[in-house]
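Below is upload-v3.cif, holding mmCIF, C-alpha atoms.
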data_work
#
loop_
_atom_site.group_PDB
_atom_site.id
_atom_site.type_symbol
_atom_site.label_atom_id
_atom_site.label_comp_id
_atom_site.auth_asym_id
_atom_site.auth_seq_id
_atom_site.Cartn_x
_atom_site.Cartn_y
_atom_site.Cartn_z
ATOM 1 C CA MET V 144 30.723 -6.222 -12.314
ATOM 2 C CA ASP V 145 27.663 -4.547 -13.809
ATOM 3 C CA ASP V 146 27.887 -0.766 -14.098
ATOM 4 C CA PRO V 147 24.830 0.847 -12.423
ATOM 5 C CA SER V 148 25.376 4.104 -14.302
ATOM 6 C CA ARG V 149 25.307 2.235 -17.619
ATOM 7 C CA PHE V 150 21.984 0.606 -16.773
ATOM 8 C CA ALA V 151 20.610 3.972 -15.674
ATOM 9 C CA ARG V 152 21.559 5.470 -19.047
ATOM 10 C CA LEU V 153 20.038 2.536 -20.928
ATOM 11 C CA ASN V 154 16.809 2.811 -18.932
ATOM 12 C CA ALA V 155 16.637 6.565 -19.629
ATOM 13 C CA ILE V 156 17.099 5.961 -23.354
ATOM 14 C CA LYS V 157 14.488 3.197 -23.302
ATOM 15 C CA LEU V 158 11.879 5.332 -21.515
ATOM 16 C CA ALA V 159 12.411 8.285 -23.849
ATOM 17 C CA ALA V 160 12.026 6.002 -26.869
ATOM 18 C CA LEU V 161 8.846 4.397 -25.504
ATOM 19 C CA VAL V 162 7.273 7.780 -24.782
ATOM 20 C CA ARG V 163 8.244 9.040 -28.225
ATOM 21 C CA GLU V 164 6.785 5.943 -29.907
ATOM 22 C CA HIS V 165 3.626 6.232 -27.804
ATOM 23 C CA PHE V 166 2.898 9.817 -28.806
ATOM 24 C CA GLY V 167 4.196 9.633 -32.374
ATOM 25 C CA ASP V 168 3.287 12.908 -34.087
ATOM 26 C CA ASP V 169 0.873 13.827 -31.278
ATOM 27 C CA GLN V 170 3.541 14.890 -28.774
ATOM 28 C CA PRO V 171 2.599 18.279 -27.292
ATOM 29 C CA GLU V 172 4.119 21.019 -29.427
ATOM 30 C CA GLY V 173 6.932 22.934 -27.793
ATOM 31 C CA VAL V 174 7.081 20.544 -24.825
ATOM 32 C CA GLY V 175 10.117 18.298 -24.634
ATOM 33 C CA PRO V 176 10.827 15.507 -22.150
ATOM 34 C CA VAL V 177 12.857 16.484 -19.081
ATOM 35 C CA PRO V 178 14.722 13.377 -17.851
ATOM 36 C CA SER V 179 15.523 12.743 -14.195
ATOM 37 C CA ASP V 180 17.443 10.185 -12.171
ATOM 38 C CA PHE V 181 15.285 7.412 -10.766
ATOM 39 C CA PRO V 182 16.931 4.447 -8.965
ATOM 40 C CA GLY V 183 15.793 1.116 -10.364
ATOM 41 C CA GLY V 184 14.532 2.603 -13.629
ATOM 42 C CA ALA V 185 14.159 5.982 -15.288
ATOM 43 C CA ALA V 186 11.867 9.008 -15.119
ATOM 44 C CA LEU V 187 11.001 12.077 -17.118
ATOM 45 C CA MET V 188 8.518 14.928 -17.079
ATOM 46 C CA LEU V 189 6.575 15.783 -20.219
ATOM 47 C CA GLY V 190 4.720 18.951 -19.417
ATOM 48 C CA ARG V 191 2.900 18.100 -16.190
ATOM 49 C CA ASP V 192 2.819 14.378 -16.932
ATOM 50 C CA ALA V 193 5.289 12.206 -15.029
ATOM 51 C CA TRP V 194 6.586 9.096 -16.808
ATOM 52 C CA VAL V 195 8.423 6.436 -14.795
ATOM 53 C CA LEU V 196 10.001 3.235 -16.103
ATOM 54 C CA LEU V 197 10.093 0.582 -13.383
ATOM 55 C CA ALA V 198 12.850 -1.895 -14.137
ATOM 56 C CA ASP V 199 13.637 -3.285 -10.664
ATOM 57 C CA ARG V 200 10.863 -5.159 -8.786
ATOM 58 C CA PRO V 201 8.135 -3.051 -10.410
ATOM 59 C CA ALA V 202 5.258 -4.522 -8.379
ATOM 60 C CA ARG V 203 6.822 -2.982 -5.247
ATOM 61 C CA ALA V 204 7.830 0.347 -6.784
ATOM 62 C CA LEU V 205 4.542 2.254 -7.016
ATOM 63 C CA GLY V 206 5.168 4.227 -3.817
ATOM 64 C CA HIS V 207 8.618 5.306 -4.954
ATOM 65 C CA ALA V 208 7.326 6.404 -8.365
ATOM 66 C CA LEU V 209 4.354 8.234 -6.872
ATOM 67 C CA ALA V 210 6.554 10.057 -4.358
ATOM 68 C CA TRP V 211 8.790 11.245 -7.199
ATOM 69 C CA ALA V 212 5.816 12.391 -9.289
ATOM 70 C CA LEU V 213 4.237 14.309 -6.411
ATOM 71 C CA ARG V 214 7.502 16.115 -5.719
ATOM 72 C CA GLN V 215 7.610 17.186 -9.367
ATOM 73 C CA GLY V 216 4.107 18.646 -9.074
ATOM 74 C CA ALA V 217 2.777 16.173 -11.659
ATOM 75 C CA ALA V 218 -0.894 16.266 -12.632
ATOM 76 C CA GLN V 219 -0.774 12.665 -13.863
ATOM 77 C CA LEU V 220 1.559 9.688 -13.475
ATOM 78 C CA HIS V 221 2.325 7.111 -16.162
ATOM 79 C CA LEU V 222 3.994 3.883 -15.024
ATOM 80 C CA VAL V 223 5.799 1.691 -17.545
ATOM 81 C CA ALA V 224 6.981 -1.856 -16.772
ATOM 82 C CA GLU V 225 7.510 -5.210 -18.428
ATOM 83 C CA GLU V 226 6.151 -7.245 -15.501
ATOM 84 C CA GLY V 227 4.020 -6.758 -12.404
ATOM 85 C CA THR V 228 1.696 -4.381 -14.266
ATOM 86 C CA GLY V 229 -1.446 -6.198 -13.112
ATOM 87 C CA THR V 230 -0.570 -5.500 -9.472
ATOM 88 C CA LEU V 231 0.416 -1.928 -10.288
ATOM 89 C CA ALA V 232 -2.871 -1.270 -12.092
ATOM 90 C CA ARG V 233 -4.908 -2.667 -9.202
ATOM 91 C CA ARG V 234 -3.144 -0.485 -6.644
ATOM 92 C CA ALA V 235 -2.984 2.594 -8.870
ATOM 93 C CA ALA V 236 -6.787 2.750 -8.861
ATOM 94 C CA GLY V 237 -6.761 3.497 -5.138
ATOM 95 C CA PHE V 238 -5.140 6.955 -5.423
ATOM 96 C CA SER V 239 -6.603 10.383 -6.093
ATOM 97 C CA LEU V 240 -3.801 11.321 -8.501
ATOM 98 C CA PRO V 241 -4.628 9.889 -11.960
ATOM 99 C CA ILE V 242 -2.234 6.978 -12.603
ATOM 100 C CA SER V 243 -2.002 5.102 -15.910
ATOM 101 C CA VAL V 244 -0.128 1.807 -16.019
ATOM 102 C CA TRP V 245 1.441 0.624 -19.265
ATOM 103 C CA HIS V 246 2.787 -2.806 -20.115
ATOM 104 C CA ALA V 247 5.875 -2.479 -22.312
ATOM 105 C CA GLU V 248 5.842 -5.033 -25.132
ATOM 106 C CA GLY V 249 8.918 -4.343 -27.213
ATOM 107 C CA ARG V 250 8.513 -0.742 -28.416
ATOM 108 C CA THR V 251 4.760 -0.723 -27.801
ATOM 109 C CA LEU V 252 2.896 0.449 -24.701
ATOM 110 C CA LEU V 253 -0.282 -1.480 -23.910
ATOM 111 C CA PRO V 254 -2.773 -0.425 -21.200
ATOM 112 C CA ALA V 255 -2.319 -2.735 -18.217
ATOM 113 C CA VAL V 256 -5.239 -4.762 -16.906
ATOM 114 C CA ALA V 257 -5.688 -4.814 -13.134
ATOM 115 C CA GLU V 258 -5.294 -8.285 -11.645
ATOM 116 C CA PRO V 259 -7.772 -9.285 -8.929
ATOM 117 C CA LEU V 260 -6.431 -10.284 -5.540
ATOM 118 C CA PRO V 261 -5.654 -14.011 -5.313
ATOM 119 C CA GLU V 262 -8.208 -16.190 -3.547
ATOM 120 C CA PRO V 263 -6.519 -17.546 -0.398
ATOM 121 C CA PRO V 264 -6.769 -21.340 -0.022
ATOM 122 C CA SER V 265 -7.916 -22.906 3.234
ATOM 123 C CA VAL V 266 -5.614 -24.793 5.574
ATOM 124 C CA PRO V 267 -6.104 -28.556 4.950
ATOM 125 C CA GLU V 268 -7.993 -30.268 7.756
ATOM 126 C CA ALA V 269 -5.179 -32.796 8.151
ATOM 127 C CA HIS V 270 -2.847 -29.922 9.055
ATOM 128 C CA ARG V 271 -5.066 -28.550 11.816
ATOM 129 C CA GLN V 272 -4.207 -31.441 14.145
ATOM 130 C CA TRP V 273 -0.906 -29.644 14.810
ATOM 131 C CA GLU V 274 -2.536 -26.490 16.208
ATOM 132 C CA THR V 275 -2.594 -27.859 19.753
ATOM 133 C CA VAL V 276 1.058 -28.959 19.522
ATOM 134 C CA ILE V 277 2.109 -25.500 18.321
ATOM 135 C CA ALA V 278 0.188 -23.773 21.103
ATOM 136 C CA ALA V 279 1.400 -26.210 23.771
ATOM 137 C CA ALA V 280 5.013 -25.478 22.837
ATOM 138 C CA GLY V 281 4.448 -21.745 23.412
ATOM 139 C CA ALA V 282 4.128 -20.560 19.807
ATOM 140 C CA GLU V 283 1.062 -18.836 18.366
ATOM 141 C CA PRO V 284 -0.774 -20.756 15.595
ATOM 142 C CA HIS V 285 -1.200 -18.592 12.519
ATOM 143 C CA GLU V 286 -2.934 -19.234 9.177
ATOM 144 C CA GLU V 287 -1.784 -17.552 5.994
ATOM 145 C CA PHE V 288 -2.697 -18.559 2.427
ATOM 146 C CA GLY V 289 -3.367 -22.187 3.240
ATOM 147 C CA VAL V 290 -0.340 -22.570 5.507
ATOM 148 C CA LEU V 291 -0.524 -23.275 9.239
ATOM 149 C CA SER V 292 2.539 -21.982 11.062
ATOM 150 C CA GLY V 293 3.621 -21.048 14.559
ATOM 151 C CA GLU V 294 4.948 -17.594 15.425
ATOM 152 C CA VAL V 295 6.908 -16.225 18.364
ATOM 153 C CA ALA V 296 6.671 -12.440 18.724
ATOM 154 C CA GLY V 297 5.874 -12.170 15.020
ATOM 155 C CA LEU V 298 8.592 -14.552 13.778
ATOM 156 C CA GLU V 299 7.648 -17.876 12.187
ATOM 157 C CA VAL V 300 9.403 -20.759 13.969
ATOM 158 C CA CYS V 301 7.541 -23.769 12.570
ATOM 159 C CA ARG V 302 5.317 -24.762 9.689
ATOM 160 C CA VAL V 303 3.038 -27.695 8.890
ATOM 161 C CA VAL V 304 4.011 -29.314 5.583
ATOM 162 C CA ASP V 305 3.277 -32.360 3.450
ATOM 163 C CA ASP V 306 6.252 -34.652 2.964
ATOM 164 C CA PRO V 307 7.120 -34.387 -0.761
ATOM 165 C CA PHE V 308 7.833 -38.130 -1.013
ATOM 166 C CA THR V 309 5.376 -39.863 1.333
ATOM 167 C CA GLY V 310 2.634 -37.225 1.508
ATOM 168 C CA ALA V 311 2.630 -37.533 5.308
ATOM 169 C CA VAL V 312 1.767 -34.401 7.269
ATOM 170 C CA ARG V 313 4.472 -33.212 9.647
ATOM 171 C CA LEU V 314 5.471 -30.156 11.650
ATOM 172 C CA GLU V 315 8.858 -28.724 10.673
ATOM 173 C CA VAL V 316 10.717 -26.594 13.204
ATOM 174 C CA GLY V 317 12.920 -23.680 12.173
ATOM 175 C CA VAL V 318 12.979 -20.137 10.793
ATOM 176 C CA GLY V 319 12.667 -20.395 7.014
ATOM 177 C CA ALA V 320 12.893 -23.404 4.692
ATOM 178 C CA HIS V 321 16.669 -23.884 4.986
ATOM 179 C CA ASP V 322 16.595 -23.668 8.772
ATOM 180 C CA ARG V 323 13.728 -26.172 8.940
ATOM 181 C CA GLU V 324 15.604 -28.599 6.704
ATOM 182 C CA ALA V 325 18.799 -28.306 8.773
ATOM 183 C CA PHE V 326 16.870 -28.745 12.016
ATOM 184 C CA GLN V 327 15.190 -31.868 10.652
ATOM 185 C CA MET V 328 18.563 -33.363 9.690
ATOM 186 C CA LEU V 329 20.123 -32.661 13.091
ATOM 187 C CA HIS V 330 17.192 -33.297 15.416
ATOM 188 C CA GLY V 331 14.804 -35.483 13.442
ATOM 189 C CA ASP V 332 14.617 -38.070 16.225
ATOM 190 C CA ARG V 333 13.531 -35.624 18.935
ATOM 191 C CA PRO V 334 9.840 -35.305 19.879
ATOM 192 C CA THR V 335 8.436 -32.382 17.871
ATOM 193 C CA GLU V 336 6.801 -30.598 20.810
ATOM 194 C CA GLU V 337 9.986 -30.780 22.901
ATOM 195 C CA ALA V 338 12.136 -29.471 20.042
ATOM 196 C CA LEU V 339 9.693 -26.664 19.251
ATOM 197 C CA ALA V 340 9.447 -25.589 22.896
ATOM 198 C CA GLU V 341 13.234 -25.254 23.033
ATOM 199 C CA VAL V 342 13.258 -23.115 19.872
ATOM 200 C CA VAL V 343 10.409 -20.974 21.209
ATOM 201 C CA ARG V 344 12.361 -20.193 24.394
ATOM 202 C CA ALA V 345 15.497 -19.261 22.447
ATOM 203 C CA VAL V 346 13.673 -17.105 19.906
ATOM 204 C CA LEU V 347 11.589 -15.347 22.543
ATOM 205 C CA GLN V 348 14.734 -14.274 24.359
ATOM 206 C CA HIS V 349 16.133 -12.647 21.224
ATOM 207 C CA ARG V 350 12.853 -11.141 20.044
ATOM 208 C CA LEU V 351 11.954 -9.406 23.294
ATOM 209 C CA HIS V 352 15.162 -8.911 25.243
ATOM 210 C CA ASP V 353 18.065 -8.903 22.778
ATOM 211 C CA THR V 354 20.244 -5.786 22.661
ATOM 212 C CA THR V 355 23.120 -7.260 20.616
ATOM 213 C CA GLY V 356 21.481 -7.067 17.177
ATOM 214 C CA HIS V 357 21.123 -10.839 16.808
ATOM 215 C CA PRO V 358 19.601 -11.777 13.397
ATOM 216 C CA LEU V 359 16.513 -13.222 15.108
ATOM 217 C CA SER V 360 15.828 -9.826 16.648
ATOM 218 C CA ARG V 361 16.031 -8.070 13.264
ATOM 219 C CA LEU V 362 13.821 -10.334 11.157
ATOM 220 C CA ALA V 363 10.119 -9.542 10.584
ATOM 221 C CA GLN V 364 10.170 -6.342 12.634
ATOM 222 C CA GLU V 365 6.870 -5.273 11.085
ATOM 223 C CA ARG V 366 5.215 -8.419 12.477
ATOM 224 C CA LEU V 367 6.714 -7.783 15.896
ATOM 225 C CA LEU V 368 5.188 -4.295 15.716
ATOM 226 C CA ARG V 369 1.813 -5.829 14.809
ATOM 227 C CA ARG V 370 2.081 -8.185 17.791
ATOM 228 C CA ARG V 371 2.599 -5.158 20.012
ATOM 229 C CA VAL V 372 -0.414 -3.358 18.532
ATOM 230 C CA VAL V 373 -2.612 -6.413 19.131
ATOM 231 C CA ALA V 374 -1.398 -6.680 22.727
ATOM 232 C CA GLU V 375 -1.640 -2.904 23.324
ATOM 233 C CA PRO V 376 -4.389 -1.528 21.021
ATOM 234 C CA ALA V 377 -4.395 1.753 22.941
ATOM 235 C CA LEU V 378 -1.140 2.547 21.098
ATOM 236 C CA ILE V 379 -3.276 3.393 18.056
ATOM 237 C CA GLN V 380 -6.334 4.647 19.991
ATOM 238 C CA ALA V 381 -8.136 1.341 19.409
ATOM 239 C CA SER V 382 -10.230 -0.675 21.823
ATOM 240 C CA SER V 383 -9.179 -3.990 20.257
ATOM 241 C CA ALA V 384 -7.107 -5.385 17.402
ATOM 242 C CA VAL V 385 -6.647 -8.820 15.848
ATOM 243 C CA MET V 386 -4.090 -10.144 13.367
ATOM 244 C CA ILE V 387 -5.304 -10.604 9.782
ATOM 245 C CA ALA V 388 -3.786 -12.635 6.954
ATOM 246 C CA PRO V 389 -2.198 -10.593 4.129
ATOM 247 C CA PRO V 390 -4.019 -9.861 0.851
ATOM 248 C CA ILE V 391 -1.195 -11.472 -1.148
ATOM 249 C CA PRO V 392 1.282 -14.212 -0.171
ATOM 250 C CA ARG V 393 4.612 -13.229 1.335
ATOM 251 C CA PRO V 394 7.520 -14.052 -1.007
ATOM 252 C CA ASN V 395 9.683 -15.257 1.910
ATOM 253 C CA LEU V 396 10.388 -14.734 5.609
ATOM 254 C CA LYS V 397 13.486 -12.579 5.185
ATOM 255 C CA ASP V 398 12.309 -9.578 3.132
ATOM 256 C CA PRO V 399 10.256 -6.958 5.033
ATOM 257 C CA VAL V 400 6.624 -6.872 3.874
ATOM 258 C CA PRO V 401 3.769 -4.883 5.475
ATOM 259 C CA CYS V 402 1.367 -6.944 7.582
ATOM 260 C CA LEU V 403 -2.237 -6.442 8.638
ATOM 261 C CA ALA V 404 -4.494 -6.231 11.645
ATOM 262 C CA LEU V 405 -8.144 -5.257 12.007
ATOM 263 C CA ALA V 406 -8.886 -2.824 14.822
ATOM 264 C CA ASN V 407 -11.896 -1.172 16.408
ATOM 265 C CA ILE V 408 -11.223 2.567 16.542
ATOM 266 C CA ALA V 409 -14.031 4.773 17.865
ATOM 267 C CA GLY V 410 -16.490 1.994 17.062
ATOM 268 C CA ASP V 411 -15.420 1.634 13.425
ATOM 269 C CA PRO V 412 -13.655 -1.386 11.892
ATOM 270 C CA THR V 413 -10.275 -0.069 10.749
ATOM 271 C CA VAL V 414 -7.542 -1.580 8.612
ATOM 272 C CA VAL V 415 -4.146 -1.497 10.319
ATOM 273 C CA VAL V 416 -1.065 -1.761 8.109
ATOM 274 C CA CYS V 417 2.130 -2.278 10.096
ATOM 275 C CA THR V 418 5.497 -1.459 8.565
ATOM 276 C CA THR V 419 9.048 -0.716 9.701
ATOM 277 C CA GLY V 420 11.890 0.997 7.913
ATOM 278 C CA VAL V 421 11.141 3.538 5.216
ATOM 279 C CA ASP V 422 9.110 1.225 2.971
ATOM 280 C CA LEU V 423 7.379 3.386 0.362
ATOM 281 C CA ASP V 424 5.362 0.356 -0.744
ATOM 282 C CA ALA V 425 3.480 0.294 2.569
ATOM 283 C CA VAL V 426 0.956 2.939 1.478
ATOM 284 C CA PRO V 427 0.138 1.276 -1.887
ATOM 285 C CA TYR V 428 -0.299 -1.925 0.149
ATOM 286 C CA VAL V 429 -3.264 -0.184 1.801
ATOM 287 C CA VAL V 430 -5.197 -0.472 -1.470
ATOM 288 C CA ASP V 431 -4.911 -4.276 -1.433
ATOM 289 C CA ALA V 432 -5.774 -4.400 2.268
ATOM 290 C CA ARG V 433 -8.940 -2.374 1.741
ATOM 291 C CA LEU V 434 -9.992 -4.604 -1.148
ATOM 292 C CA ALA V 435 -9.315 -7.801 0.792
ATOM 293 C CA LEU V 436 -11.146 -6.751 3.953
ATOM 294 C CA GLY V 437 -13.864 -4.573 2.460
ATOM 295 C CA VAL V 438 -13.009 -1.914 5.059
ATOM 296 C CA VAL V 439 -12.129 1.675 4.133
ATOM 297 C CA PRO V 440 -10.843 3.436 7.320
ATOM 298 C CA CYS V 441 -7.131 2.754 7.596
ATOM 299 C CA VAL V 442 -4.119 3.618 9.735
ATOM 300 C CA VAL V 443 -0.527 2.873 8.751
ATOM 301 C CA VAL V 444 1.491 2.156 11.883
ATOM 302 C CA MET V 445 5.261 2.549 11.923
ATOM 303 C CA PRO V 446 8.061 3.472 14.352
ATOM 304 C CA ARG V 447 8.255 7.214 14.883
ATOM 305 C CA ARG V 448 11.714 7.374 13.280
ATOM 306 C CA ASP V 449 10.222 6.004 10.036
ATOM 307 C CA ALA V 450 7.210 8.347 9.883
ATOM 308 C CA LEU V 451 8.760 10.692 7.331
ATOM 309 C CA ASP V 452 6.920 13.442 5.457
ATOM 310 C CA VAL V 453 7.012 11.382 2.250
ATOM 311 C CA GLN V 454 4.952 8.647 3.934
ATOM 312 C CA ARG V 455 2.359 11.191 5.014
ATOM 313 C CA LEU V 456 2.282 12.676 1.514
ATOM 314 C CA LEU V 457 1.595 9.242 0.000
ATOM 315 C CA ALA V 458 -1.066 8.443 2.604
ATOM 316 C CA GLU V 459 -2.851 11.723 1.868
ATOM 317 C CA THR V 460 -2.943 10.839 -1.842
ATOM 318 C CA LEU V 461 -4.909 7.646 -1.210
ATOM 319 C CA ASP V 462 -8.603 7.889 -2.032
ATOM 320 C CA PRO V 463 -9.801 8.223 0.695
ATOM 321 C CA PRO V 464 -6.641 9.143 2.621
ATOM 322 C CA ALA V 465 -5.112 6.914 5.289
ATOM 323 C CA ILE V 466 -3.603 8.141 8.548
ATOM 324 C CA ILE V 467 0.035 7.614 9.511
ATOM 325 C CA VAL V 468 0.311 6.615 13.184
ATOM 326 C CA PRO V 469 3.856 6.749 14.618
ATOM 327 C CA VAL V 470 4.658 4.721 17.723
ATOM 328 C CA ASP V 471 7.606 4.934 20.098
#
Rendering of file as structure tokens:
Amino acid sequence: MDDPSRFARLNAIKLAALVREHFGDDQPEGVGPVPSDFPGGAALMLGRDAWVLLADRPARALGHALAWALRQGAAQLHLVAEEGTGTLARRAAGFSLPISVWHAEGRTLLPAVAEPLPEPPSVPEAHRQWETVIAAAGAEPHEEFGVLSGEVAGLEVCRVVDDPFTGAVRLEVGVGAHDREAFQMLHGDRPTEEALAEVVRAVLQHRLHDTTGHPLSRLAQERLLRRRVVAEPALIQASSAVMIAPPIPRPNLKDPVPCLALANIAGDPTVVVCTTGVDLDAVPYVVDARLALGVVPCVVVMPRRDALDVQRLLAETLDPPAIIVPVD
């Protein structure tokens, strides 16, 4: 088994070496690096500059690194990573604290170039014929990065796909790719609308009324929260709210990822970022949401138990700040 403490030591050595190589003979006189523990990488303070090496999922680690730097009283944050630096650079520009992002190439640090948001493709017209079937079965049609799916209380239960062999368009029923494949093997001869309606009824029971901790009740909790905000906009002092596609594609259905809505609050269009659990990436996600929608006012909605001081600190560091809105 890999030894986490060994990797932590190696990351600390690597960061110290990169910083030393970067400054060469120009390192501030009389100021030595002060290393610190940082899960998933390494960190050190050099004077009032915070340096953080992001080794584990760097594109989703900006919030964690920024929280650490702010707690150290840093005047500037330097992020070092070997991948994901384009995303980091794009999001780093949305904060009031100066943040430099460096791409590590061997022993050299290169300034990272911000990647633009991806252009979302449109849903193919041939796929749209399934919208009425999805709605008739009780699911909510939803478009996201060229994919037409059906959701029940925020959980995807079906998706329109092209058959990889014949090219035919079909509606697959199930939660996630493996579930859809298994469902197709077991129930491929059943009428699609009938099969989907049965799944909708089962999922709805778990999503809205389950108290046993069934897996279907735990998945995509942030999207269930968004569904509640859309149905009850007064929860966030809004007069209306609609679901919005994300600024970047979701990697899968299982990992929690913030999701978006667009609300009218006091007459102003407002970005709504919904998140559950203590996800420190939710606030950096605001930067992408603002860019995608061209809207600046923003609220980050989360369960009250998750609205920790660190989330408020990060939200206040956005430029301009966002507002954390806890809900019961």
_Spatial neighbours of V:Val439, max dist 12 Å, only C-alpha atoms, sep filter under 4 positions, as a ChimeraX atom specification_ = /V:237,405,411-415,429-435,461-466
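Each of V:His357, V:Arg371, V:Arg203, V:His285 was checked against V:Ile387 using all atoms listed in the file; the smallest atom-to-atom distance is that of V:His285.
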_Nearest-residue call for V:Arg250, choices V:Glu341, V:His270, V:Glu225, V:Ala208, using all atoms listed in the file_ = V:Glu225
*Neighbour list for V:Phe150 as a PyMOL selection string, cut-off 12 Å, only C-alpha atoms, skip fewer than 4 positions in-chain*: chain V and resi 144-146+154-157+180-185+198-199
Can I get the selection written as a short mmCIF file (atom, residue, chain, number, x, y, z; two decimals), in the coordinates of the input, with C-alpha atoms?
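result29.cif was written with the following content:
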data_model
loop_
_atom_site.label_atom_id
_atom_site.label_comp_id
_atom_site.auth_asym_id
_atom_site.auth_seq_id
_atom_site.Cartn_x
_atom_site.Cartn_y
_atom_site.Cartn_z
CA MET V 144 30.72 -6.22 -12.31
CA ASP V 145 27.66 -4.55 -13.81
CA ASP V 146 27.89 -0.77 -14.10
CA ASN V 154 16.81 2.81 -18.93
CA ALA V 155 16.64 6.56 -19.63
CA ILE V 156 17.10 5.96 -23.35
CA LYS V 157 14.49 3.20 -23.30
CA ASP V 180 17.44 10.18 -12.17
CA PHE V 181 15.28 7.41 -10.77
CA PRO V 182 16.93 4.45 -8.96
CA GLY V 183 15.79 1.12 -10.36
CA GLY V 184 14.53 2.60 -13.63
CA ALA V 185 14.16 5.98 -15.29
CA ALA V 198 12.85 -1.90 -14.14
CA ASP V 199 13.64 -3.28 -10.66
#
Using the chain letters and residue numbers of this document, give as a PDB file with C-alpha atoms, in the frame of the given file the residues selected by the PyMOL selection byres ((chain V and resi 265) around 12).
ATOM      1  CA  GLU V 262      -8.208 -16.190  -3.547  1.00  0.00           C
ATOM      2  CA  PRO V 263      -6.519 -17.546  -0.398  1.00  0.00           C
ATOM      3  CA  PRO V 264      -6.769 -21.340  -0.022  1.00  0.00           C
ATOM      4  CA  VAL V 266      -5.614 -24.793   5.574  1.00  0.00           C
ATOM      5  CA  PRO V 267      -6.104 -28.556   4.950  1.00  0.00           C
ATOM      6  CA  GLU V 268      -7.993 -30.268   7.756  1.00  0.00           C
ATOM      7  CA  ALA V 269      -5.179 -32.796   8.151  1.00  0.00           C
ATOM      8  CA  HIS V 270      -2.847 -29.922   9.055  1.00  0.00           C
ATOM      9  CA  ARG V 271      -5.066 -28.550  11.816  1.00  0.00           C
ATOM     10  CA  GLU V 286      -2.934 -19.234   9.177  1.00  0.00           C
ATOM     11  CA  GLU V 287      -1.784 -17.552   5.994  1.00  0.00           C
ATOM     12  CA  PHE V 288      -2.697 -18.559   2.427  1.00  0.00           C
ATOM     13  CA  GLY V 289      -3.367 -22.187   3.240  1.00  0.00           C
ATOM     14  CA  VAL V 290      -0.340 -22.570   5.507  1.00  0.00           C
ATOM     15  CA  LEU V 291      -0.524 -23.275   9.239  1.00  0.00           C
ATOM     16  CA  ALA V 388      -3.786 -12.635   6.954  1.00  0.00           C
TER      17      ALA V 388
END
*Residue with smallest distance to V:Ala338 - pool V:Pro394, V:Gly356, V:Gly281, V:Pro201, counting all atoms listed in the file*: V:Gly281
*Could you tell me how far atom CA of V:Val442 lies from atom CA of V:Ala374, in Å and to one decimal?*
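Computed distance, atom CA of V:Val442 to atom CA of V:Ala374, equals 16.8 Å.
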